[in-house]
Structure formats: C-alpha cells, structure tokens
$ cat target_5.csv   # CSV, C-alpha atoms
chain,number,residue,atom,x,y,z
A,1190,MET,CA,70.6,-53.0,57.3
A,1191,THR,CA,73.2,-55.3,55.8
A,1192,VAL,CA,73.3,-58.6,57.7
A,1193,LEU,CA,76.5,-60.4,57.0
A,1194,SER,CA,77.1,-64.0,57.6
A,1195,THR,CA,79.3,-65.9,59.9
A,1196,GLY,CA,78.9,-68.8,62.4
A,1197,LEU,CA,80.7,-71.3,64.5
A,1198,ALA,CA,80.0,-75.0,63.9
A,1199,PRO,CA,82.7,-77.0,65.8
A,1200,SER,CA,83.2,-80.6,65.2
A,1201,ALA,CA,85.0,-82.0,68.3
A,1202,SER,CA,85.9,-81.0,71.8
A,1203,ALA,CA,89.5,-80.1,72.5
A,1204,ALA,CA,90.7,-81.0,76.0
A,1205,ASP,CA,94.1,-79.2,75.8
A,1206,VAL,CA,93.5,-76.4,73.4
A,1207,GLN,CA,97.1,-75.2,73.0
A,1208,SER,CA,98.2,-78.7,72.1
A,1209,GLN,CA,95.7,-78.6,69.3
A,1210,GLN,CA,97.2,-75.4,67.8
A,1211,TRP,CA,99.4,-77.4,65.5
A,1212,TYR,CA,100.3,-74.4,63.3
A,1213,LEU,CA,102.2,-72.7,66.1
A,1214,SER,CA,104.9,-75.4,66.0
A,1215,ALA,CA,104.6,-75.7,62.2
A,1216,MET,CA,105.3,-72.0,61.8
A,1217,LYS,CA,108.0,-72.0,64.5
A,1218,ALA,CA,106.2,-69.4,66.5
A,1219,ASP,CA,108.6,-69.7,69.4
A,1220,GLU,CA,111.4,-68.6,67.1
A,1221,MET,CA,109.4,-65.8,65.7
A,1222,TRP,CA,108.4,-64.5,69.1
A,1223,LYS,CA,112.1,-64.0,69.9
A,1224,VAL,CA,112.0,-61.3,67.1
A,1225,SER,CA,108.5,-60.1,67.3
A,1226,THR,CA,105.3,-60.7,69.3
A,1227,GLY,CA,103.2,-58.1,67.5
A,1228,LYS,CA,103.8,-55.5,70.2
A,1229,GLY,CA,102.6,-52.0,69.3
A,1230,ILE,CA,100.2,-53.2,66.6
A,1231,LYS,CA,96.5,-52.8,67.0
A,1232,VAL,CA,94.2,-55.2,65.0
A,1233,ALA,CA,90.6,-54.3,64.5
A,1234,VAL,CA,88.5,-57.4,64.6
A,1235,VAL,CA,85.2,-56.8,62.8
A,1236,ASP,CA,83.0,-59.7,63.8
A,1237,THR,CA,80.3,-60.8,66.2
A,1238,GLY,CA,81.8,-58.8,69.1
A,1239,VAL,CA,84.7,-59.8,71.4
A,1240,ASN,CA,84.4,-61.0,75.0
A,1241,LEU,CA,87.2,-59.2,76.8
A,1242,ASN,CA,86.8,-61.3,79.9
A,1243,THR,CA,88.1,-64.6,78.7
A,1244,PRO,CA,91.4,-65.5,80.5
A,1245,SER,CA,93.3,-65.3,77.2
A,1246,LEU,CA,92.1,-61.9,76.3
A,1247,LYS,CA,92.3,-60.1,79.6
A,1248,GLY,CA,94.3,-56.9,79.0
A,1249,GLN,CA,94.3,-57.5,75.3
A,1250,VAL,CA,91.2,-55.8,74.2
A,1251,LEU,CA,91.1,-52.0,73.8
A,1252,ALA,CA,87.3,-51.5,74.2
A,1253,GLY,CA,87.7,-47.8,75.0
A,1254,GLU,CA,89.1,-47.1,71.6
A,1255,VAL,CA,85.9,-48.0,69.7
A,1256,PRO,CA,84.0,-44.9,68.7
A,1257,LYS,CA,80.6,-44.7,70.3
A,1258,ALA,CA,78.9,-44.3,67.0
A,1259,VAL,CA,79.9,-47.8,65.9
A,1260,GLY,CA,80.5,-49.4,69.2
A,1261,TYR,CA,77.2,-51.0,70.0
A,1262,LYS,CA,77.9,-54.0,72.2
A,1263,ALA,CA,81.3,-54.4,70.8
A,1264,THR,CA,82.4,-56.4,73.8
A,1265,GLU,CA,79.4,-58.6,73.9
A,1266,ASP,CA,79.9,-61.6,71.6
A,1267,TYR,CA,76.5,-63.2,70.7
A,1268,ASP,CA,78.1,-66.2,68.9
A,1269,GLY,CA,81.6,-66.8,70.2
A,1270,HIS,CA,83.1,-66.4,66.8
A,1271,GLY,CA,84.6,-62.9,67.2
A,1272,THR,CA,86.2,-63.8,70.5
A,1273,SER,CA,87.7,-66.9,68.9
A,1274,MET,CA,89.2,-64.8,66.1
A,1275,ALA,CA,90.6,-62.3,68.6
A,1276,GLU,CA,92.3,-65.1,70.6
A,1277,LEU,CA,93.8,-66.6,67.5
A,1278,ILE,CA,95.4,-63.2,66.8
A,1279,ALA,CA,96.4,-61.9,70.2
A,1280,GLY,CA,95.4,-64.4,72.9
A,1281,THR,CA,98.0,-64.7,75.7
A,1282,GLY,CA,97.2,-68.3,76.4
A,1283,ALA,CA,96.4,-67.6,80.1
A,1284,GLY,CA,94.0,-70.0,81.8
A,1285,ASP,CA,94.7,-72.7,79.2
A,1286,GLY,CA,93.1,-70.5,76.5
A,1287,LEU,CA,94.1,-70.1,72.9
A,1288,LYS,CA,97.6,-68.7,72.3
A,1289,GLY,CA,97.5,-66.0,69.7
A,1290,LEU,CA,100.2,-66.0,66.9
A,1291,ALA,CA,100.8,-62.3,67.8
A,1292,PRO,CA,100.3,-62.3,71.6
A,1293,GLY,CA,101.9,-58.9,71.9
A,1294,ALA,CA,99.3,-57.2,69.7
A,1295,LYS,CA,96.1,-55.6,70.9
A,1296,ILE,CA,92.5,-56.1,69.7
A,1297,VAL,CA,90.1,-53.3,68.9
A,1298,PRO,CA,86.6,-55.0,68.8
A,1299,TYR,CA,83.7,-54.2,66.4
A,1300,ARG,CA,80.3,-55.9,66.3
A,1301,LEU,CA,78.3,-56.4,63.1
A,1302,ALA,CA,74.8,-57.9,62.6
A,1303,MET,CA,75.5,-61.3,61.0
A,1304,LYS,CA,72.9,-63.5,59.4
A,1305,ASP,CA,72.6,-65.7,62.4
A,1306,MET,CA,71.9,-62.9,64.9
A,1307,LYS,CA,68.4,-63.7,66.0
A,1308,ASP,CA,67.5,-60.5,67.9
A,1309,GLY,CA,65.8,-58.2,65.5
A,1310,SER,CA,66.2,-55.1,67.7
A,1311,GLU,CA,69.9,-55.7,68.0
A,1312,LYS,CA,70.3,-56.1,64.3
A,1313,GLU,CA,68.8,-52.6,63.9
A,1314,LYS,CA,71.2,-51.1,66.4
A,1315,ALA,CA,74.3,-52.8,65.1
A,1316,PRO,CA,76.5,-50.5,63.0
A,1317,GLU,CA,76.8,-50.8,59.2
A,1318,LEU,CA,80.0,-52.2,57.7
A,1319,PRO,CA,80.9,-49.1,55.7
A,1320,ASP,CA,80.7,-47.0,58.9
A,1321,VAL,CA,82.8,-49.5,60.8
A,1322,ILE,CA,85.5,-49.6,58.1
A,1323,ARG,CA,85.6,-45.8,57.9
A,1324,ALA,CA,85.9,-45.5,61.7
A,1325,ILE,CA,88.8,-47.9,61.8
A,1326,ALA,CA,90.4,-46.0,58.9
A,1327,ASP,CA,90.4,-42.9,61.0
A,1328,SER,CA,92.0,-44.7,64.0
A,1329,ASP,CA,95.5,-45.9,64.6
A,1330,ALA,CA,94.7,-49.6,64.2
A,1331,LYS,CA,96.8,-50.8,61.4
A,1332,ILE,CA,95.1,-54.1,60.4
A,1333,ILE,CA,91.4,-54.8,59.7
A,1334,SER,CA,90.6,-58.5,60.2
A,1335,MET,CA,87.2,-59.5,58.6
A,1336,SER,CA,86.2,-63.2,59.0
A,1337,PHE,CA,82.9,-63.0,57.3
A,1338,GLY,CA,81.4,-62.6,53.8
A,1339,GLU,CA,78.5,-62.2,51.4
A,1340,ASP,CA,78.1,-62.7,47.7
A,1341,ILE,CA,77.0,-59.1,46.9
A,1342,GLU,CA,79.2,-56.2,46.0
A,1343,ARG,CA,78.1,-53.0,47.7
A,1344,PRO,CA,79.2,-49.6,46.4
A,1345,ASP,CA,79.1,-48.1,49.9
A,1346,VAL,CA,81.4,-50.8,51.3
A,1347,LEU,CA,83.7,-50.5,48.3
A,1348,ALA,CA,84.0,-46.8,48.9
A,1349,ALA,CA,84.8,-47.4,52.6
A,1350,VAL,CA,87.5,-50.0,51.6
A,1351,GLU,CA,89.1,-47.5,49.2
A,1352,TYR,CA,89.0,-44.9,52.0
A,1353,ALA,CA,90.7,-47.3,54.4
A,1354,ARG,CA,93.3,-48.1,51.8
A,1355,ALA,CA,94.1,-44.4,51.3
A,1356,LYS,CA,94.5,-44.2,55.1
A,1357,GLY,CA,97.2,-46.9,55.0
A,1358,LYS,CA,95.3,-49.8,56.5
A,1359,LEU,CA,95.9,-53.5,55.7
A,1360,MET,CA,92.6,-55.3,55.2
A,1361,VAL,CA,92.3,-59.1,55.4
A,1362,ALA,CA,89.2,-61.1,54.8
A,1363,ALA,CA,87.9,-64.7,54.5
A,1364,THR,CA,87.3,-66.0,51.0
A,1365,GLY,CA,84.4,-68.2,52.2
A,1366,ASN,CA,83.5,-71.9,52.9
A,1367,ASP,CA,81.0,-72.8,50.2
A,1368,ALA,CA,83.3,-74.3,47.5
A,1369,GLN,CA,81.5,-77.6,47.7
A,1370,GLU,CA,78.1,-76.0,47.0
A,1371,LYS,CA,78.3,-73.0,44.7
A,1372,ASN,CA,81.8,-71.4,45.2
A,1373,PHE,CA,80.5,-67.8,44.8
A,1374,ILE,CA,82.6,-64.7,44.8
A,1375,GLY,CA,82.9,-63.6,48.4
A,1376,TYR,CA,83.0,-60.0,49.6
A,1377,PRO,CA,84.7,-58.2,51.3
A,1378,ALA,CA,87.6,-60.5,50.3
A,1379,ALA,CA,87.0,-59.8,46.6
A,1380,TYR,CA,87.1,-56.0,46.9
A,1381,PRO,CA,90.2,-54.3,45.6
A,1382,TYR,CA,92.9,-53.8,48.3
A,1383,VAL,CA,91.5,-56.5,50.5
A,1384,VAL,CA,93.6,-59.6,51.0
A,1385,GLY,CA,91.5,-62.7,50.4
A,1386,VAL,CA,92.7,-65.7,52.5
A,1387,ALA,CA,92.0,-69.4,51.8
A,1388,ALA,CA,92.3,-72.2,54.4
A,1389,SER,CA,94.9,-74.9,54.3
A,1390,ASP,CA,95.3,-78.1,56.4
A,1391,LYS,CA,98.3,-79.6,58.2
A,1392,SER,CA,99.8,-80.7,54.9
A,1393,GLY,CA,99.4,-77.3,53.3
A,1394,THR,CA,96.6,-78.4,51.0
A,1395,VAL,CA,93.6,-76.2,50.6
A,1396,GLY,CA,90.5,-77.3,52.4
A,1397,LYS,CA,87.8,-78.6,50.1
A,1398,PHE,CA,85.3,-76.1,51.5
A,1399,SER,CA,87.6,-73.2,50.9
A,1400,GLU,CA,86.3,-71.1,48.1
A,1401,HIS,CA,88.6,-70.4,45.1
A,1402,GLY,CA,88.9,-67.8,42.4
A,1403,ASN,CA,91.2,-65.0,41.3
A,1404,TYR,CA,90.4,-63.1,44.5
A,1405,VAL,CA,92.3,-65.7,46.6
A,1406,ASP,CA,95.6,-63.9,47.5
A,1407,LEU,CA,97.2,-66.0,50.2
A,1408,ALA,CA,96.5,-69.2,52.2
A,1409,ALA,CA,96.9,-69.8,56.0
A,1410,PRO,CA,96.2,-72.7,58.4
A,1411,GLY,CA,92.4,-73.1,58.7
A,1412,LEU,CA,91.6,-76.7,59.4
A,1413,ASP,CA,91.7,-78.4,62.8
A,1414,VAL,CA,92.1,-75.0,64.5
A,1415,PRO,CA,90.3,-74.8,67.9
A,1416,THR,CA,87.8,-72.0,68.6
A,1417,TRP,CA,85.2,-71.4,71.3
A,1418,CYS,CA,82.3,-73.9,71.0
A,1419,ASP,CA,79.6,-71.1,71.5
A,1420,ASN,CA,79.0,-67.9,73.4
A,1421,THR,CA,78.9,-69.6,76.8
A,1422,PHE,CA,82.7,-69.7,76.7
A,1423,ARG,CA,82.9,-72.9,78.6
A,1424,SER,CA,85.0,-75.0,76.2
A,1425,TYR,CA,86.8,-75.0,72.9
A,1426,CYS,CA,86.0,-77.1,70.0
A,1427,ASN,CA,87.9,-78.2,66.9
A,1428,GLY,CA,86.8,-76.1,64.0
A,1429,GLN,CA,87.8,-75.3,60.4
A,1430,GLY,CA,87.2,-72.4,58.0
A,1431,THR,CA,88.6,-69.5,56.2
A,1432,SER,CA,87.8,-67.4,59.3
A,1433,GLN,CA,90.6,-69.0,61.2
A,1434,ALA,CA,92.9,-68.6,58.3
A,1435,THR,CA,92.1,-64.9,58.1
A,1436,ALA,CA,92.8,-64.4,61.8
A,1437,ILE,CA,96.2,-66.2,61.5
A,1438,ALA,CA,97.1,-64.2,58.4
A,1439,SER,CA,96.2,-61.0,60.3
A,1440,ALA,CA,98.4,-62.1,63.2
A,1441,SER,CA,101.2,-62.8,60.8
A,1442,ALA,CA,101.0,-59.3,59.4
A,1443,ALA,CA,101.0,-57.9,62.9
A,1444,LEU,CA,104.3,-59.8,63.7
A,1445,ILE,CA,106.0,-58.3,60.6
A,1446,TRP,CA,104.6,-54.8,61.1
A,1447,SER,CA,105.8,-54.8,64.7
A,1448,ALA,CA,109.3,-55.7,63.7
A,1449,HIS,CA,109.2,-53.1,60.9
A,1450,PRO,CA,107.1,-50.2,62.2
A,1451,ASP,CA,108.2,-47.9,59.5
A,1452,TRP,CA,106.9,-50.1,56.7
A,1453,THR,CA,103.6,-49.4,54.9
A,1454,ALA,CA,100.7,-51.8,54.5
A,1455,ASN,CA,102.0,-52.4,50.9
A,1456,GLN,CA,105.4,-53.4,52.2
A,1457,VAL,CA,104.0,-55.7,54.9
A,1458,LEU,CA,101.8,-57.4,52.3
A,1459,ALA,CA,104.6,-57.6,49.8
A,1460,SER,CA,106.8,-59.3,52.3
A,1461,LEU,CA,104.1,-62.0,53.0
A,1462,ILE,CA,103.7,-62.5,49.2
A,1463,ASP,CA,107.4,-62.7,48.4
A,1464,THR,CA,108.0,-65.3,51.1
A,1465,ALA,CA,104.9,-67.3,50.7
A,1466,GLY,CA,105.4,-71.1,50.2
A,1467,ARG,CA,104.7,-72.1,46.5
A,1468,ASP,CA,106.2,-74.1,43.7
A,1469,TRP,CA,104.8,-72.0,40.9
A,1470,ALA,CA,105.9,-68.7,39.4
A,1471,LYS,CA,105.1,-65.7,41.5
A,1472,ASP,CA,103.5,-64.0,38.6
A,1473,ASP,CA,101.1,-66.9,38.1
A,1474,PRO,CA,99.3,-67.2,41.4
A,1475,SER,CA,97.0,-70.2,42.2
A,1476,THR,CA,93.3,-70.0,42.1
A,1477,TYR,CA,93.2,-72.0,45.3
A,1478,LEU,CA,96.2,-70.8,47.3
A,1479,GLY,CA,96.9,-67.4,45.7
A,1480,TYR,CA,100.5,-66.5,46.1
A,1481,GLY,CA,101.0,-69.4,48.5
A,1482,LEU,CA,101.1,-70.3,52.2
A,1483,ILE,CA,102.1,-67.5,54.6
A,1484,ARG,CA,105.5,-67.8,56.2
A,1485,PRO,CA,106.1,-64.7,58.3
A,1486,ARG,CA,109.2,-66.3,59.8
A,1487,MET,CA,111.0,-66.0,56.5
A,1488,VAL,CA,110.6,-62.2,56.8
A,1489,LEU,CA,111.4,-61.9,60.5
A,1490,GLU,CA,114.6,-63.9,60.2
A,1491,GLN,CA,116.0,-61.4,57.7
A,1492,SER,CA,116.6,-58.1,59.5
A,1493,ASN,CA,117.5,-56.5,56.2
A,1494,PHE,CA,114.6,-57.8,54.2
A,1495,ASN,CA,113.7,-55.6,51.2
A,1496,PRO,CA,109.9,-55.2,51.1
A,1497,GLY,CA,109.9,-53.1,47.9
A,1498,GLY,CA,108.6,-49.6,47.5
A,1499,ALA,CA,106.4,-48.0,50.1
A,1500,ASP,CA,103.8,-47.0,47.5
A,1501,THR,CA,104.0,-50.1,45.3
A,1502,ASP,CA,100.8,-52.1,45.5
A,1503,PRO,CA,101.8,-55.8,45.5
A,1504,LEU,CA,98.3,-56.7,44.2
A,1505,ALA,CA,98.3,-54.1,41.5
A,1506,ARG,CA,97.4,-56.6,38.7
A,1507,GLU,CA,94.5,-58.0,40.6
A,1508,ASN,CA,93.2,-54.6,41.7
A,1509,ALA,CA,93.4,-53.3,38.1
A,1510,THR,CA,91.8,-56.4,36.5
A,1511,GLY,CA,89.1,-56.9,39.1
A,1512,VAL,CA,87.4,-60.2,40.0
A,1513,THR,CA,86.4,-62.7,37.4
A,1514,ASP,CA,84.6,-66.0,37.6
A,1515,GLU,CA,85.9,-69.4,36.6
A,1516,ALA,CA,85.1,-68.6,32.9
A,1517,GLY,CA,87.1,-65.4,33.1
A,1518,ASN,CA,84.0,-63.1,33.1
A,1519,SER,CA,83.3,-60.2,35.4
A,1520,PRO,CA,80.5,-60.8,38.0
A,1521,SER,CA,77.2,-59.2,37.7
A,1522,ALA,CA,76.8,-55.4,38.3
A,1523,PRO,CA,77.1,-54.4,41.9
A,1524,ALA,CA,73.9,-54.3,44.0
A,1525,SER,CA,72.6,-50.9,45.0
A,1526,SER,CA,73.6,-50.0,48.6
A,1527,SER,CA,70.0,-48.8,49.1
A,1528,SER,CA,68.5,-52.2,48.7
A,1529,PRO,CA,70.4,-54.8,50.8
A,1530,PRO,CA,69.3,-58.4,51.0
A,1531,SER,CA,66.4,-59.2,53.3
A,1532,LYS,CA,67.3,-59.9,56.8
A,1533,ALA,CA,64.6,-62.6,56.9
A,1534,THR,CA,66.3,-64.7,54.2
A,1535,SER,CA,69.8,-65.7,53.3
A,1536,GLY,CA,70.0,-63.0,50.7
A,1537,GLY,CA,72.7,-64.9,48.9
A,1538,GLN,CA,75.0,-64.6,52.0
A,1539,THR,CA,77.2,-67.3,53.3
A,1540,SER,CA,79.4,-68.3,56.1
A,1541,ALA,CA,83.1,-67.5,56.0
A,1542,ALA,CA,83.6,-68.9,59.4
A,1543,ALA,CA,83.9,-72.5,60.7
A,1544,SER,CA,82.6,-75.1,58.3
A,1545,THR,CA,79.4,-76.8,59.1
A,1546,SER,CA,80.7,-80.0,57.8
A,1547,ASP,CA,81.6,-82.9,60.1
A,1548,THR,CA,85.1,-84.1,60.8
A,1549,SER,CA,85.3,-86.0,57.5
A,1550,ASP,CA,85.7,-82.7,55.8
A,1551,ASN,CA,89.2,-82.4,57.4
A,1552,THR,CA,90.5,-84.3,54.4
A,1553,THR,CA,92.5,-82.6,51.7
A,1554,MET,CA,91.2,-81.4,48.4
A,1555,TRP,CA,93.3,-82.7,45.5
A,1556,ILE,CA,92.9,-80.4,42.5
A,1557,ALA,CA,92.7,-82.6,39.5
A,1558,LEU,CA,92.8,-80.1,36.6
A,1559,GLY,CA,96.3,-78.9,35.7
A,1560,ALA,CA,97.6,-79.9,39.1
A,1561,ALA,CA,101.3,-80.4,40.0
A,1562,ALA,CA,102.5,-81.9,43.3
A,1563,ALA,CA,105.0,-80.3,45.5
A,1564,VAL,CA,106.2,-80.1,49.1
A,1565,LEU,CA,106.6,-76.7,50.6
A,1566,VAL,CA,108.0,-75.7,54.0
A,1567,ILE,CA,106.1,-73.3,56.1
A,1568,GLY,CA,108.1,-72.7,59.3
A,1569,GLY,CA,109.2,-76.1,60.4
A,1570,GLY,CA,106.4,-78.1,58.8
A,1571,ALA,CA,106.2,-79.8,55.4
A,1572,PHE,CA,103.2,-78.8,53.4
A,1573,ALA,CA,102.1,-80.8,50.3
A,1574,VAL,CA,100.4,-78.6,47.8
A,1575,LEU,CA,98.5,-79.3,44.6
A,1576,ARG,CA,97.6,-76.2,42.6
A,1577,SER,CA,95.5,-75.0,39.7
A,1578,ARG,CA,96.5,-71.9,37.8
A,1579,ARG,CA,94.6,-68.8,38.5
A,1580,ALA,CA,92.4,-67.5,35.6
A,1581,THR,CA,93.9,-64.5,33.9
$ encode --input "target_5.csv" --output "structure tokens"
Amino acid sequence: MTVLSTGLAPSASAADVQSQQWYLSAMKADEMWKVSTGKGIKVAVVDTGVNLNTPSLKGQVLAGEVPKAVGYKATEDYDGHGTSMAELIAGTGAGDGLKGLAPGAKIVPYRLAMKDMKDGSEKEKAPELPDVIRAIADSDAKIISMSFGEDIERPDVLAAVEYARAKGKLMVAATGNDAQEKNFIGYPAAYPYVVGVAASDKSGTVGKFSEHGNYVDLAAPGLDVPTWCDNTFRSYCNGQGTSQATAIASASAALIWSAHPDWTANQVLASLIDTAGRDWAKDDPSTYLGYGLIRPRMVLEQSNFNPGGADTDPLARENATGVTDEAGNSPSAPASSSSPPSKATSGGQTSAAASTSDTSDNTTMWIALGAAAAVLVIGGGAFAVLRSRRAT
C-alpha cells in the first residue's frame, strides 16, 4: 500500500473567507467569468476525499461517476484537505464558502491513503494511486488535480501516468513544500506529462517553502489562500502551500478548456505556458517558477488565440530530458513498485499541501544566485519576480 502525504496546517482564522481570496481580484476573475466559468469540464480531485455537503460544493460533486473499484469513501474527507482543493477549483461560494476560480466546473472525487491517515484498516481499503489514475483516464474527466507528493518514483504510477496522457488527460500536481529542509524531487509532479506547480505570493514571488528544480513547470497563487481548518468543516483558516497553487492551476485550465472544448490537453497547457507572466526567455524556464505565473485571462480575452498543434507536447524538452537534481544529475533509480515505503514511517514522503510553518513564512524568497528583478502583471495585480535559471 502506497501511503502518500498531504496535510492541512493553517495559520490564522479567516472571518470572511471570500475577502481573503486575493487572487480572484488579482487575476480579474469577474472578467474571466464573463467568458468562461469552467462549465462542461470535470476535474478529478485525487486527495483525502471530498465532502459534497459543504454549502459551496452542493451540486458540484459528481460522486456517482466514481467507479466502485476505486471509490472507497470518496465523499468522506478525513482531513479537510481534499474538500478545500475542490472548493478552490469549483466552489460556488454559497453559504459564505470559498469561491472557486472555475465555479462552473464539476468535481469527481477520489480518496487516497495519505501519510497522516491514522486508521490502518482504512489505509488498506483505500485504492492505489495507479488504479485511480487509470480509472480517471478511462472516464470523461479532463483534468486530474493532485495536491500531494512523495520523493519516490514508482514504475506502476509512471505507467498509469503515461496511460492517462495517451487518453488525453491534463495532469497537474504540487511540487512540494520542503524547500527549506531538503528540497527533494517530488512525484507525481516530476513524472513526464505531469505539470508541476510552484506556489507564489501576492507579489508573484515564489514561497520560500516551495520546492524548486527542473520539474517546476508553472507557478500559481499559493500563499495566504484560505482552506478548511480541519475535517469538522466549521471554519476556514489562512493557509499556504503548493497544494493550493495546484488547485488554482487546475481551475485555470478548466476555464480555458471550457472556452475551447475542441482543444487538446497539449493545447490547453501550451496556452497557459505561452501567456504565463515572466521576464525571461520562454526557452529558458526558471527553476523556481517554471515558465512563469499563470494568467488564464490572457488566453480567454483572445477569442482567436492560437494554441499550437493538437499533438505538440509543450513540455517535450522536459519530458525527453527527464528530471535532474541541482547538479544536473538524474535521480537515483526508481523504486520497485512491489516494495513501497513503510506505512509506519515517513518513507521519505512529504507534504505537498499547506505549509506547517507559522505566518512568518508568508514572506517572499529572494533568489540570490543569478537573480534578476522584474514586475509582471497577472490579471490586474503586479507581481514582483526574482528568478534563477533552470538547470539544463
């Protein structure tokens, strides 16, 4: 049984949750919603389960579309994390709840056994990640949002990812939150054909917890983003992490795909890459922010936007080269899928959810080596960015 890691460690209560969703105004969500709300797009949220009874998610969760074989307690969230991600993507905002960036989209929930799941019997009953990915690949959900991670590459997961890619799915995953400790290579974000998302703050600067490396493809708002405090669903708290960034990136893709239903996953991703906020050459992505900060409005405001070829992989170079560490070396050989890490220990796994740091970690991380200052505009907000070149 592979036990992945995620968690929710909020830092401060939020009295009026929607007023705390600063990125909605920064990205000019109201203007985007005039063009697209994500209607017609199904996003598979692979997480700790999704509570379909929160006011913001009523009518938004398609629980009946989860195959029974991988649907164990998909609508029972043992942590609050999966529900938070679902609301960030497609919440209606009803009952003073979170307003999703793509409120017209629908959520298909899946529940995995994460490291912090305490019930051993439930861990055994939870579906395996490869089975979940394959089930989604065989469904009509277009986007797979994965706000979790581990530092072990697994052949069975990689095979499932390649299967989903062949089925035309867009896979988005959190890069991880341990940059201040060991900054390991995080999976599934580092698998080929998975979009790795880093977390940025209100100024557009990468959070100092946000892991970096050549598997970072895009950045999205991930600091001071409210989420449910816990699985009692009584209140929201102010959180931060690449999980939130992943959900917002997934919602951005849903907005674009809804406006252009005939596009492929390659074209949706290419449009996000082409319009991302950056002050460096597109062919030299940043180790910290990838191709830049997502700006879906820049796609939606151009009805004749050219997304490139339907079969052209916008991450072809990364997918061909593979992941390298900071020294430019390939990581160690993949672990055997028959010997996953022990459920009783950390097994090298880490959180790719809200940071466990206190509010002092909401400061920016200034990248000292080879950095160049710039101010970028994402939606209506100004985002200051310092970058470091990606290893090649």
$ atom_distance --input "target_5.csv" --atom1 "atom CA of Ala1275 of chain A" --atom2 "atom CA of Gln1491 of chain A"
27.7 Å
$ residues_near_point --input "target_5.csv" --point "(92.1, -61.0, 51.8)" --cutoff "9 Å" --atoms "all atoms listed in the file" --output "PyMOL selection string"
chain A and resi 1334-1335+1360-1364+1377-1380+1382-1387+1404-1407+1435+1438
$ residues_around --input "target_5.csv" --residues "Ala1355 of chain A" --least-positions-apart "3" --cutoff "12 Å" --atoms "all atoms listed in the file" --output "JSON, numbers by chain"
{"A": [1323, 1326, 1327, 1348, 1349, 1350, 1351, 1352, 1358, 1359, 1360, 1382, 1453, 1454, 1455, 1500, 1502]}
$ closest_residue --input "target_5.csv" --among "A:Gly1271, A:Val1297, A:Ser1225, A:Ser1492" --to "Ala1324 of chain A" --atoms "all atoms listed in the file"
A:Val1297
$ closest_residue --input "target_5.csv" --among "A:Pro1292, A:Met1303, A:Gly1430, A:Ser1439" --to "Ala1218 of chain A" --atoms "all atoms listed in the file"
A:Pro1292
$ decode --input "target_5.csv" --residues "segment 1399-1430 of chain A" --atoms "C-alpha atoms" --output "mmCIF file, in the first residue's frame"
data_model
loop_
_atom_site.group_PDB
_atom_site.id
_atom_site.type_symbol
_atom_site.label_atom_id
_atom_site.label_comp_id
_atom_site.auth_asym_id
_atom_site.auth_seq_id
_atom_site.Cartn_x
_atom_site.Cartn_y
_atom_site.Cartn_z
ATOM 1 C CA SER A 1399 8.015 25.874 -2.461
ATOM 2 C CA GLU A 1400 10.310 23.210 -3.850
ATOM 3 C CA HIS A 1401 12.373 24.014 -6.897
ATOM 4 C CA GLY A 1402 14.020 22.096 -9.686
ATOM 5 C CA ASN A 1403 13.665 21.401 -13.384
ATOM 6 C CA TYR A 1404 10.300 19.705 -12.770
ATOM 7 C CA VAL A 1405 8.654 23.043 -11.875
ATOM 8 C CA ASP A 1406 6.590 23.978 -14.931
ATOM 9 C CA LEU A 1407 4.298 26.803 -13.790
ATOM 10 C CA ALA A 1408 3.546 28.860 -10.690
ATOM 11 C CA ALA A 1409 0.203 29.886 -9.222
ATOM 12 C CA PRO A 1410 -1.066 31.689 -6.106
ATOM 13 C CA GLY A 1411 -0.388 29.528 -3.063
ATOM 14 C CA LEU A 1412 0.277 31.813 -0.082
ATOM 15 C CA ASP A 1413 -2.389 33.344 2.152
ATOM 16 C CA VAL A 1414 -5.022 31.191 0.467
ATOM 17 C CA PRO A 1415 -7.840 30.111 2.817
ATOM 18 C CA THR A 1416 -8.758 26.449 3.262
ATOM 19 C CA TRP A 1417 -10.832 24.453 5.740
ATOM 20 C CA CYS A 1418 -9.155 24.322 9.150
ATOM 21 C CA ASP A 1419 -9.870 20.590 9.601
ATOM 22 C CA ASN A 1420 -12.382 17.876 8.822
ATOM 23 C CA THR A 1421 -15.039 19.310 11.137
ATOM 24 C CA PHE A 1422 -15.765 21.908 8.422
ATOM 25 C CA ARG A 1423 -16.688 24.589 10.924
ATOM 26 C CA SER A 1424 -14.307 27.320 9.810
ATOM 27 C CA TYR A 1425 -11.698 28.309 7.286
ATOM 28 C CA CYS A 1426 -8.099 29.164 8.076
ATOM 29 C CA ASN A 1427 -5.392 31.030 6.248
ATOM 30 C CA GLY A 1428 -3.022 28.509 4.661
ATOM 31 C CA GLN A 1429 -0.183 28.263 2.198
ATOM 32 C CA GLY A 1430 1.287 25.584 0.001
#
